[in-house]
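Peer 1: Contents of entry-v4.cif (mmCIF, N, CA, C and O atoms) are below:
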data_coords
#
loop_
_atom_site.label_atom_id
_atom_site.label_comp_id
_atom_site.auth_asym_id
_atom_site.auth_seq_id
_atom_site.Cartn_x
_atom_site.Cartn_y
_atom_site.Cartn_z
N MET A 920 -21.83 -10.51 4.25
CA MET A 920 -21.97 -11.61 5.19
C MET A 920 -21.09 -12.79 4.75
O MET A 920 -20.74 -12.90 3.59
N THR A 921 -20.81 -13.65 5.69
CA THR A 921 -19.94 -14.79 5.42
C THR A 921 -20.29 -15.94 6.37
O THR A 921 -21.09 -15.77 7.29
N TYR A 922 -19.67 -17.06 6.16
CA TYR A 922 -19.80 -18.17 7.09
C TYR A 922 -18.70 -18.07 8.13
O TYR A 922 -17.62 -17.52 7.87
N VAL A 923 -18.97 -18.60 9.32
CA VAL A 923 -18.06 -18.49 10.45
C VAL A 923 -17.95 -19.85 11.12
O VAL A 923 -18.95 -20.56 11.28
N ILE A 924 -16.74 -20.20 11.52
CA ILE A 924 -16.52 -21.42 12.30
C ILE A 924 -16.43 -21.00 13.76
O ILE A 924 -15.70 -20.09 14.12
N ALA A 925 -17.20 -21.69 14.61
CA ALA A 925 -17.30 -21.32 16.03
C ALA A 925 -16.66 -22.37 16.94
O ALA A 925 -16.01 -23.32 16.47
N GLN A 926 -16.86 -22.21 18.24
CA GLN A 926 -16.16 -22.97 19.27
C GLN A 926 -16.25 -24.50 19.17
O GLN A 926 -15.32 -25.17 19.62
N PRO A 927 -17.29 -25.11 18.60
CA PRO A 927 -17.28 -26.58 18.54
C PRO A 927 -16.10 -27.16 17.73
O PRO A 927 -15.79 -28.34 17.85
N CYS A 928 -15.43 -26.32 16.95
CA CYS A 928 -14.29 -26.78 16.15
C CYS A 928 -12.99 -26.82 16.96
O CYS A 928 -12.04 -27.51 16.57
N ILE A 929 -12.94 -26.11 18.06
CA ILE A 929 -11.69 -26.04 18.84
C ILE A 929 -11.27 -27.44 19.26
O ILE A 929 -12.04 -28.18 19.85
N ASP A 930 -10.06 -27.79 18.93
CA ASP A 930 -9.42 -29.07 19.22
C ASP A 930 -10.07 -30.27 18.52
O ASP A 930 -9.81 -31.41 18.89
N VAL A 931 -10.89 -30.01 17.50
CA VAL A 931 -11.50 -31.10 16.74
C VAL A 931 -10.97 -31.10 15.30
O VAL A 931 -10.44 -32.10 14.84
N LYS A 932 -11.14 -30.00 14.58
CA LYS A 932 -10.64 -29.82 13.22
C LYS A 932 -10.92 -31.03 12.32
O LYS A 932 -10.02 -31.63 11.76
N ASP A 933 -12.18 -31.38 12.13
CA ASP A 933 -12.56 -32.52 11.31
C ASP A 933 -12.09 -32.40 9.86
O ASP A 933 -11.76 -33.40 9.25
N ARG A 934 -12.09 -31.24 9.27
CA ARG A 934 -11.60 -30.94 7.93
C ARG A 934 -12.53 -31.36 6.80
O ARG A 934 -12.19 -31.20 5.63
N ALA A 935 -13.70 -31.91 7.08
CA ALA A 935 -14.65 -32.22 6.01
C ALA A 935 -15.01 -30.94 5.26
O ALA A 935 -15.19 -30.96 4.03
N CYS A 936 -15.08 -29.83 5.98
CA CYS A 936 -15.40 -28.55 5.36
C CYS A 936 -14.32 -28.09 4.38
O CYS A 936 -14.61 -27.51 3.34
N VAL A 937 -13.08 -28.38 4.72
CA VAL A 937 -11.95 -28.00 3.86
C VAL A 937 -12.07 -28.70 2.51
O VAL A 937 -11.89 -28.09 1.45
N ASP A 938 -12.39 -29.99 2.55
CA ASP A 938 -12.53 -30.77 1.32
C ASP A 938 -13.70 -30.28 0.47
O ASP A 938 -13.68 -30.41 -0.74
N GLU A 939 -14.72 -29.73 1.10
CA GLU A 939 -15.93 -29.31 0.41
C GLU A 939 -15.86 -27.89 -0.14
O GLU A 939 -16.57 -27.55 -1.07
N CYS A 940 -15.00 -27.06 0.41
CA CYS A 940 -14.95 -25.64 0.05
C CYS A 940 -14.41 -25.46 -1.38
O CYS A 940 -13.26 -25.80 -1.67
N PRO A 941 -15.22 -24.87 -2.28
CA PRO A 941 -14.78 -24.70 -3.67
C PRO A 941 -13.77 -23.57 -3.88
O PRO A 941 -13.14 -23.50 -4.94
N VAL A 942 -13.61 -22.67 -2.89
CA VAL A 942 -12.71 -21.54 -3.07
C VAL A 942 -11.50 -21.58 -2.13
O VAL A 942 -10.72 -20.64 -2.09
N ASP A 943 -11.35 -22.68 -1.38
CA ASP A 943 -10.16 -22.88 -0.54
C ASP A 943 -9.96 -21.74 0.46
O ASP A 943 -8.85 -21.26 0.65
N CYS A 944 -11.05 -21.34 1.13
CA CYS A 944 -10.96 -20.21 2.07
C CYS A 944 -10.93 -20.64 3.53
O CYS A 944 -11.02 -19.80 4.42
N ILE A 945 -10.79 -21.95 3.79
CA ILE A 945 -10.77 -22.43 5.17
C ILE A 945 -9.34 -22.77 5.55
O ILE A 945 -8.73 -23.67 4.98
N TYR A 946 -8.80 -22.03 6.51
CA TYR A 946 -7.42 -22.13 6.93
C TYR A 946 -7.33 -22.89 8.25
O TYR A 946 -8.18 -22.74 9.11
N GLU A 947 -6.27 -23.66 8.39
CA GLU A 947 -6.09 -24.47 9.59
C GLU A 947 -5.12 -23.81 10.56
O GLU A 947 -3.97 -23.53 10.23
N GLY A 948 -5.61 -23.55 11.76
CA GLY A 948 -4.76 -23.07 12.83
C GLY A 948 -4.37 -24.25 13.71
O GLY A 948 -4.84 -25.37 13.51
N PRO A 949 -3.52 -24.04 14.69
CA PRO A 949 -3.12 -25.13 15.57
C PRO A 949 -4.28 -25.81 16.29
O PRO A 949 -4.25 -27.02 16.49
N ARG A 950 -5.31 -25.04 16.68
CA ARG A 950 -6.41 -25.63 17.45
C ARG A 950 -7.75 -25.65 16.74
O ARG A 950 -8.65 -26.37 17.16
N MET A 951 -7.94 -24.85 15.70
CA MET A 951 -9.22 -24.84 15.00
C MET A 951 -9.05 -24.35 13.57
O MET A 951 -7.98 -23.88 13.19
N LEU A 952 -10.12 -24.47 12.81
CA LEU A 952 -10.16 -23.99 11.43
C LEU A 952 -10.83 -22.61 11.41
O LEU A 952 -11.67 -22.31 12.26
N TYR A 953 -10.45 -21.79 10.43
CA TYR A 953 -10.97 -20.43 10.30
C TYR A 953 -11.36 -20.18 8.85
O TYR A 953 -10.62 -20.55 7.94
N ILE A 954 -12.48 -19.50 8.63
CA ILE A 954 -12.88 -19.08 7.30
C ILE A 954 -12.39 -17.66 7.08
O ILE A 954 -12.71 -16.76 7.87
N GLN A 955 -11.64 -17.44 6.01
CA GLN A 955 -11.17 -16.10 5.66
C GLN A 955 -12.38 -15.34 5.12
O GLN A 955 -12.92 -15.69 4.07
N PRO A 956 -12.88 -14.32 5.83
CA PRO A 956 -14.15 -13.68 5.45
C PRO A 956 -14.15 -13.02 4.08
O PRO A 956 -15.19 -12.98 3.43
N ASP A 957 -13.01 -12.51 3.62
CA ASP A 957 -12.98 -11.85 2.31
C ASP A 957 -12.90 -12.85 1.16
O ASP A 957 -13.24 -12.52 0.03
N GLU A 958 -12.46 -14.06 1.44
CA GLU A 958 -12.35 -15.08 0.40
C GLU A 958 -13.60 -15.95 0.29
O GLU A 958 -13.85 -16.58 -0.73
N CYS A 959 -14.40 -15.99 1.35
CA CYS A 959 -15.63 -16.81 1.37
C CYS A 959 -16.63 -16.22 0.38
O CYS A 959 -16.89 -15.02 0.38
N VAL A 960 -17.22 -17.09 -0.45
CA VAL A 960 -18.20 -16.65 -1.44
C VAL A 960 -19.63 -16.97 -1.01
O VAL A 960 -20.56 -16.90 -1.80
N ASP A 961 -19.81 -17.35 0.25
CA ASP A 961 -21.13 -17.62 0.83
C ASP A 961 -21.89 -18.74 0.12
O ASP A 961 -23.11 -18.70 0.04
N CYS A 962 -21.18 -19.73 -0.38
CA CYS A 962 -21.86 -20.82 -1.09
C CYS A 962 -22.55 -21.78 -0.13
O CYS A 962 -23.50 -22.46 -0.51
N GLY A 963 -22.07 -21.88 1.11
CA GLY A 963 -22.69 -22.74 2.10
C GLY A 963 -22.31 -24.20 2.01
O GLY A 963 -22.85 -25.03 2.75
N ALA A 964 -21.39 -24.58 1.14
CA ALA A 964 -21.02 -25.99 0.98
C ALA A 964 -20.41 -26.58 2.25
O ALA A 964 -20.55 -27.77 2.52
N CYS A 965 -19.76 -25.77 3.04
CA CYS A 965 -19.08 -26.24 4.25
C CYS A 965 -20.03 -26.59 5.39
O CYS A 965 -19.77 -27.51 6.16
N GLU A 966 -21.10 -25.84 5.50
CA GLU A 966 -21.98 -25.97 6.67
C GLU A 966 -22.58 -27.37 6.85
O GLU A 966 -22.48 -27.94 7.95
N PRO A 967 -23.19 -27.97 5.84
CA PRO A 967 -23.85 -29.27 6.09
C PRO A 967 -22.89 -30.44 6.31
O PRO A 967 -23.30 -31.46 6.85
N VAL A 968 -21.63 -30.30 5.92
CA VAL A 968 -20.70 -31.42 6.08
C VAL A 968 -19.95 -31.40 7.41
O VAL A 968 -19.23 -32.35 7.72
N CYS A 969 -20.13 -30.37 8.20
CA CYS A 969 -19.43 -30.27 9.48
C CYS A 969 -20.10 -31.16 10.52
O CYS A 969 -21.21 -30.87 10.96
N PRO A 970 -19.42 -32.24 10.95
CA PRO A 970 -20.04 -33.12 11.92
C PRO A 970 -20.17 -32.50 13.32
O PRO A 970 -20.96 -32.97 14.14
N GLN A 971 -19.42 -31.46 13.57
CA GLN A 971 -19.48 -30.78 14.88
C GLN A 971 -20.54 -29.68 14.92
O GLN A 971 -20.75 -29.08 15.96
N GLU A 972 -21.15 -29.41 13.76
CA GLU A 972 -22.12 -28.31 13.65
C GLU A 972 -21.50 -27.01 14.17
O GLU A 972 -22.11 -26.26 14.93
N ALA A 973 -20.28 -26.76 13.71
CA ALA A 973 -19.52 -25.59 14.15
C ALA A 973 -19.57 -24.44 13.16
O ALA A 973 -19.07 -23.37 13.44
N ILE A 974 -20.16 -24.65 11.98
CA ILE A 974 -20.17 -23.63 10.93
C ILE A 974 -21.56 -23.03 10.82
O ILE A 974 -22.55 -23.75 10.72
N PHE A 975 -21.59 -21.70 10.81
CA PHE A 975 -22.85 -20.97 10.76
C PHE A 975 -22.75 -19.83 9.76
O PHE A 975 -21.69 -19.21 9.60
N TYR A 976 -23.86 -19.53 9.10
CA TYR A 976 -23.95 -18.29 8.35
C TYR A 976 -23.93 -17.18 9.40
O TYR A 976 -24.54 -17.33 10.47
N GLU A 977 -23.23 -16.12 9.13
CA GLU A 977 -23.04 -15.08 10.14
C GLU A 977 -24.35 -14.62 10.78
O GLU A 977 -24.42 -14.44 12.00
N ASP A 978 -25.41 -14.45 10.01
CA ASP A 978 -26.69 -14.00 10.55
C ASP A 978 -27.36 -15.06 11.43
O ASP A 978 -28.28 -14.74 12.18
N ASP A 979 -26.93 -16.31 11.32
CA ASP A 979 -27.55 -17.41 12.07
C ASP A 979 -26.73 -17.87 13.26
O ASP A 979 -27.08 -18.87 13.90
N LEU A 980 -25.65 -17.17 13.57
CA LEU A 980 -24.83 -17.55 14.72
C LEU A 980 -25.61 -17.48 16.02
O LEU A 980 -26.31 -16.50 16.26
N PRO A 981 -25.49 -18.50 16.87
CA PRO A 981 -26.08 -18.38 18.20
C PRO A 981 -25.39 -17.23 18.96
O PRO A 981 -24.22 -16.93 18.72
N ALA A 982 -26.11 -16.61 19.84
CA ALA A 982 -25.58 -15.46 20.58
C ALA A 982 -24.24 -15.75 21.25
O ALA A 982 -23.33 -14.92 21.24
N GLU A 983 -24.09 -16.96 21.81
CA GLU A 983 -22.85 -17.29 22.52
C GLU A 983 -21.66 -17.47 21.57
O GLU A 983 -20.52 -17.53 22.01
N SER A 984 -21.92 -17.52 20.26
CA SER A 984 -20.84 -17.71 19.29
C SER A 984 -20.53 -16.46 18.49
O SER A 984 -19.63 -16.48 17.65
N PHE A 985 -21.24 -15.37 18.72
CA PHE A 985 -21.07 -14.18 17.89
C PHE A 985 -19.66 -13.61 17.95
O PHE A 985 -19.19 -13.00 17.00
N SER A 986 -18.93 -13.85 19.02
CA SER A 986 -17.56 -13.35 19.12
C SER A 986 -16.66 -13.94 18.05
O SER A 986 -15.61 -13.38 17.72
N PHE A 987 -17.05 -15.07 17.46
CA PHE A 987 -16.22 -15.70 16.44
C PHE A 987 -16.21 -14.93 15.12
O PHE A 987 -15.31 -15.15 14.30
N VAL A 988 -17.15 -14.03 14.92
CA VAL A 988 -17.09 -13.14 13.76
C VAL A 988 -15.85 -12.26 13.90
O VAL A 988 -15.01 -12.17 13.00
N ALA A 989 -15.71 -11.61 15.05
CA ALA A 989 -14.56 -10.73 15.31
C ALA A 989 -13.27 -11.53 15.34
O ALA A 989 -12.23 -11.04 14.88
N ILE A 990 -13.31 -12.75 15.87
CA ILE A 990 -12.12 -13.58 15.92
C ILE A 990 -11.60 -13.85 14.50
O ILE A 990 -10.40 -13.71 14.23
N SER A 991 -12.48 -14.18 13.58
CA SER A 991 -12.06 -14.43 12.19
C SER A 991 -11.52 -13.17 11.54
O SER A 991 -10.48 -13.20 10.88
N VAL A 992 -12.23 -12.07 11.73
CA VAL A 992 -11.79 -10.80 11.13
C VAL A 992 -10.42 -10.41 11.69
O VAL A 992 -9.51 -10.05 10.95
N ASP A 993 -10.27 -10.47 13.02
CA ASP A 993 -9.01 -10.10 13.66
C ASP A 993 -7.85 -10.99 13.21
O ASP A 993 -6.75 -10.50 12.96
N LEU A 994 -8.10 -12.28 13.13
CA LEU A 994 -7.03 -13.21 12.75
C LEU A 994 -6.47 -12.88 11.38
O LEU A 994 -5.26 -12.89 11.17
N PHE A 995 -7.36 -12.55 10.44
CA PHE A 995 -6.91 -12.29 9.07
C PHE A 995 -6.55 -10.83 8.82
O PHE A 995 -6.05 -10.50 7.75
N ALA A 996 -6.74 -9.95 9.81
CA ALA A 996 -6.39 -8.54 9.63
C ALA A 996 -4.92 -8.37 9.28
O ALA A 996 -4.55 -7.57 8.43
N GLY A 997 -4.06 -9.13 9.93
CA GLY A 997 -2.63 -9.03 9.65
C GLY A 997 -2.18 -9.84 8.45
O GLY A 997 -1.14 -9.55 7.85
N LEU A 998 -2.96 -10.84 8.08
CA LEU A 998 -2.59 -11.69 6.94
C LEU A 998 -3.17 -11.21 5.63
O LEU A 998 -2.68 -11.57 4.56
N GLY A 999 -4.25 -10.45 5.70
CA GLY A 999 -4.95 -10.03 4.49
C GLY A 999 -5.67 -11.22 3.88
O GLY A 999 -6.18 -12.08 4.57
N SER A 1000 -5.66 -11.26 2.57
CA SER A 1000 -6.30 -12.35 1.84
C SER A 1000 -5.19 -13.18 1.19
O SER A 1000 -4.73 -12.86 0.10
N PRO A 1001 -4.75 -14.25 1.87
CA PRO A 1001 -3.61 -15.03 1.37
C PRO A 1001 -3.84 -15.71 0.03
O PRO A 1001 -2.89 -16.13 -0.61
N GLY A 1002 -5.10 -15.84 -0.40
CA GLY A 1002 -5.35 -16.39 -1.73
C GLY A 1002 -5.49 -17.89 -1.78
O GLY A 1002 -5.26 -18.49 -2.83
N GLY A 1003 -5.85 -18.50 -0.70
CA GLY A 1003 -6.10 -19.93 -0.69
C GLY A 1003 -5.28 -20.66 0.35
O GLY A 1003 -4.07 -20.49 0.45
N ALA A 1004 -5.97 -21.48 1.12
CA ALA A 1004 -5.33 -22.18 2.22
C ALA A 1004 -4.32 -23.22 1.76
O ALA A 1004 -3.28 -23.41 2.39
N ALA A 1005 -4.60 -23.90 0.66
CA ALA A 1005 -3.69 -24.94 0.19
C ALA A 1005 -2.32 -24.36 -0.17
O ALA A 1005 -1.28 -24.95 0.16
N ASN A 1006 -2.30 -23.22 -0.81
CA ASN A 1006 -1.03 -22.60 -1.17
C ASN A 1006 -0.35 -21.93 0.01
O ASN A 1006 0.87 -21.88 0.09
N PHE A 1007 -1.15 -21.39 0.94
CA PHE A 1007 -0.61 -20.66 2.08
C PHE A 1007 -0.04 -21.60 3.13
O PHE A 1007 0.97 -21.33 3.75
N GLY A 1008 -0.71 -22.73 3.34
CA GLY A 1008 -0.28 -23.68 4.36
C GLY A 1008 -0.92 -23.38 5.70
O GLY A 1008 -1.65 -22.40 5.86
N PRO A 1009 -0.65 -24.22 6.69
CA PRO A 1009 -1.25 -24.04 8.02
C PRO A 1009 -0.80 -22.73 8.67
O PRO A 1009 0.32 -22.27 8.48
N LEU A 1010 -1.71 -22.15 9.43
CA LEU A 1010 -1.38 -20.97 10.22
C LEU A 1010 -0.49 -21.40 11.38
O LEU A 1010 -0.65 -22.50 11.91
N THR A 1011 0.40 -20.56 11.79
CA THR A 1011 1.31 -20.92 12.87
C THR A 1011 0.75 -20.60 14.25
O THR A 1011 1.24 -21.11 15.25
N VAL A 1012 -0.28 -19.75 14.29
CA VAL A 1012 -0.89 -19.37 15.57
C VAL A 1012 -2.41 -19.34 15.42
O VAL A 1012 -2.93 -19.14 14.33
N ASP A 1013 -3.09 -19.52 16.54
CA ASP A 1013 -4.52 -19.31 16.61
C ASP A 1013 -4.78 -17.89 17.08
O ASP A 1013 -3.87 -17.22 17.60
N HIS A 1014 -6.00 -17.44 16.92
CA HIS A 1014 -6.39 -16.16 17.51
C HIS A 1014 -6.15 -16.28 19.03
O HIS A 1014 -6.36 -17.37 19.61
N PRO A 1015 -5.71 -15.23 19.71
CA PRO A 1015 -5.44 -15.31 21.16
C PRO A 1015 -6.60 -15.83 21.99
O PRO A 1015 -6.38 -16.56 22.97
N VAL A 1016 -7.83 -15.51 21.62
CA VAL A 1016 -8.99 -16.01 22.38
C VAL A 1016 -9.08 -17.53 22.26
O VAL A 1016 -9.31 -18.23 23.23
N VAL A 1017 -8.87 -18.04 21.05
CA VAL A 1017 -8.92 -19.48 20.82
C VAL A 1017 -7.75 -20.15 21.53
O VAL A 1017 -7.91 -21.18 22.19
N ALA A 1018 -6.58 -19.57 21.42
CA ALA A 1018 -5.38 -20.16 22.06
C ALA A 1018 -5.56 -20.26 23.57
O ALA A 1018 -5.07 -21.23 24.18
N ALA A 1019 -6.26 -19.32 24.16
CA ALA A 1019 -6.44 -19.31 25.62
C ALA A 1019 -7.68 -20.07 26.08
O ALA A 1019 -7.89 -20.23 27.29
N THR A 1020 -8.47 -20.57 25.15
CA THR A 1020 -9.71 -21.25 25.49
C THR A 1020 -9.46 -22.67 25.95
O THR A 1020 -8.73 -23.43 25.31
N GLU A 1021 -10.09 -23.03 27.06
CA GLU A 1021 -10.05 -24.42 27.48
C GLU A 1021 -11.00 -25.18 26.57
O GLU A 1021 -11.99 -24.64 26.09
N THR A 1022 -10.70 -26.43 26.29
CA THR A 1022 -11.52 -27.22 25.38
C THR A 1022 -12.98 -27.15 25.78
O THR A 1022 -13.33 -27.31 26.94
N GLY A 1023 -13.82 -26.85 24.76
CA GLY A 1023 -15.25 -26.77 24.99
C GLY A 1023 -15.74 -25.44 25.53
O GLY A 1023 -16.91 -25.24 25.74
N GLN A 1024 -14.84 -24.49 25.76
CA GLN A 1024 -15.22 -23.18 26.29
C GLN A 1024 -14.86 -22.10 25.29
O GLN A 1024 -13.93 -22.25 24.52
N ALA A 1025 -15.60 -21.02 25.30
CA ALA A 1025 -15.24 -19.84 24.51
C ALA A 1025 -16.14 -18.68 24.86
O ALA A 1025 -17.22 -18.84 25.31
#
Translate this structure into structure tokens?

Peer 2:
Amino acid sequence: MTYVIAQPCIDVKDRACVDECPVDCIYEGPRMLYIQPDECVDCGACEPVCPQEAIFYEDDLPAESFSFVAISVDLFAGLGSPGGAANFGPLTVDHPVVAATETGQA
């Protein structure tokens, strides 16, 4: 299991979670932030600092946000485990679902 960032992050990207993450597993895309599921150690430090309440433990995701599990997995399928967002830098693309989402929808 892992933590997942869901639709409330789209076009907001507050980044408080990035500063709090001890393993640097939160990557920035053009429209939202993503947690790399293989790098996340399930510490939960990111969840309480998110002002958008966009971060959920995978088992606690609301039904309307469950697609974001697959979105995170799919996004990193081609990248693998880059080994830390700070060293890797911003992602150049969002997942296609996120890229096509109108603000506030998913």

Peer 1: With a distance cut-off of 7 Å and only C-alpha atoms, select the neighbouring residues of segment 988-1005 of chain A, excluding the residue or stretch itself and same-chain residues fewer than 6 positions from it, and output the selection as JSON, numbers by chain.

Peer 2: {"A": [923, 943, 944, 945, 946, 953, 954, 955, 956, 957, 958, 1014]}

Peer 1: Taking only segment 920-1015 of chain A into account, list the residues labelled strand (DSSP E) by DSSP (computed from the backbone), as a list in words.

Peer 2: Tyr922, Val923, Ile924, Ile945, Tyr946, Glu947, Leu952, Tyr953, Ile954, Ile974, Phe975 and Tyr976 of chain A

Peer 1: Can you pull out the residues contacting Cys940 of chain A? Cut-off 8 Å, using all atoms listed in the file, and skip same-chain residues under 4 positions away; I want them as a ChimeraX atom specification.

Peer 2: /A:934-936,944-945,963-965

Peer 1: What is the distance, in Å and to one decimal place, between atom O of Ile929 of chain A and atom O of Thr1020 of chain A?

Peer 2: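 Going from atom O of Ile929 of chain A over to atom O of Thr1020 of chain A covers 8.0 Å.
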
Peer 1: Edge lengths and centre in Å to one decimal, as lines of an AutoDock Vina configuration file, of the axis-aligned box that encloses all listed atoms of segment 921-925 of chain A with 5 Å added on every side?

Peer 2:
center_x = -18.4
center_y = -18.5
center_z = 11.2
size_x = 15.4
size_y = 19.7
size_z = 21.5

Peer 1: Of the residues A:Asp1013, A:Glu977, A:Glu972, A:Glu966, which is the one nearest to Pro949 of chain A, using only C-alpha atoms?

Peer 2: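 Of A:Asp1013, A:Glu977, A:Glu972, A:Glu966, the one nearest Pro949 of chain A is A:Asp1013, counting only C-alpha atoms.
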
Peer 1: Measuring atom to atom with only C-alpha atoms, identify which of A:Val1016, A:Cys959, A:Gly948, A:Val937 is nearest to Tyr976 of chain A.

Peer 2: A:Cys959

Peer 1: Quote the spacing between atom O of Asp938 of chain A and atom C of Ala1019 of chain A in Å to one decimal place.

Peer 2: 29.4 Å

Peer 1: Expressed in Å to a single decimal, how great is the separation between atom C of Phe975 of chain A and atom C of Cys928 of chain A?

Peer 2: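 Taking atom C of Phe975 of chain A and atom C of Cys928 of chain A, their separation equals 14.0 Å.
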
Peer 1: Kindly provide, as a list in words, the polymer residues lying within 7 Å of (-4.1, -25.1, 14.7), counting all atoms listed in the file and using the coordinates exactly as they appear in the file.

Peer 2: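 Residues with an atom close enough to that point: Glu947, Gly948, Pro949, Arg950, Met951, Leu952, Leu1010, Thr1011, Val1012 and Asp1013 of chain A.
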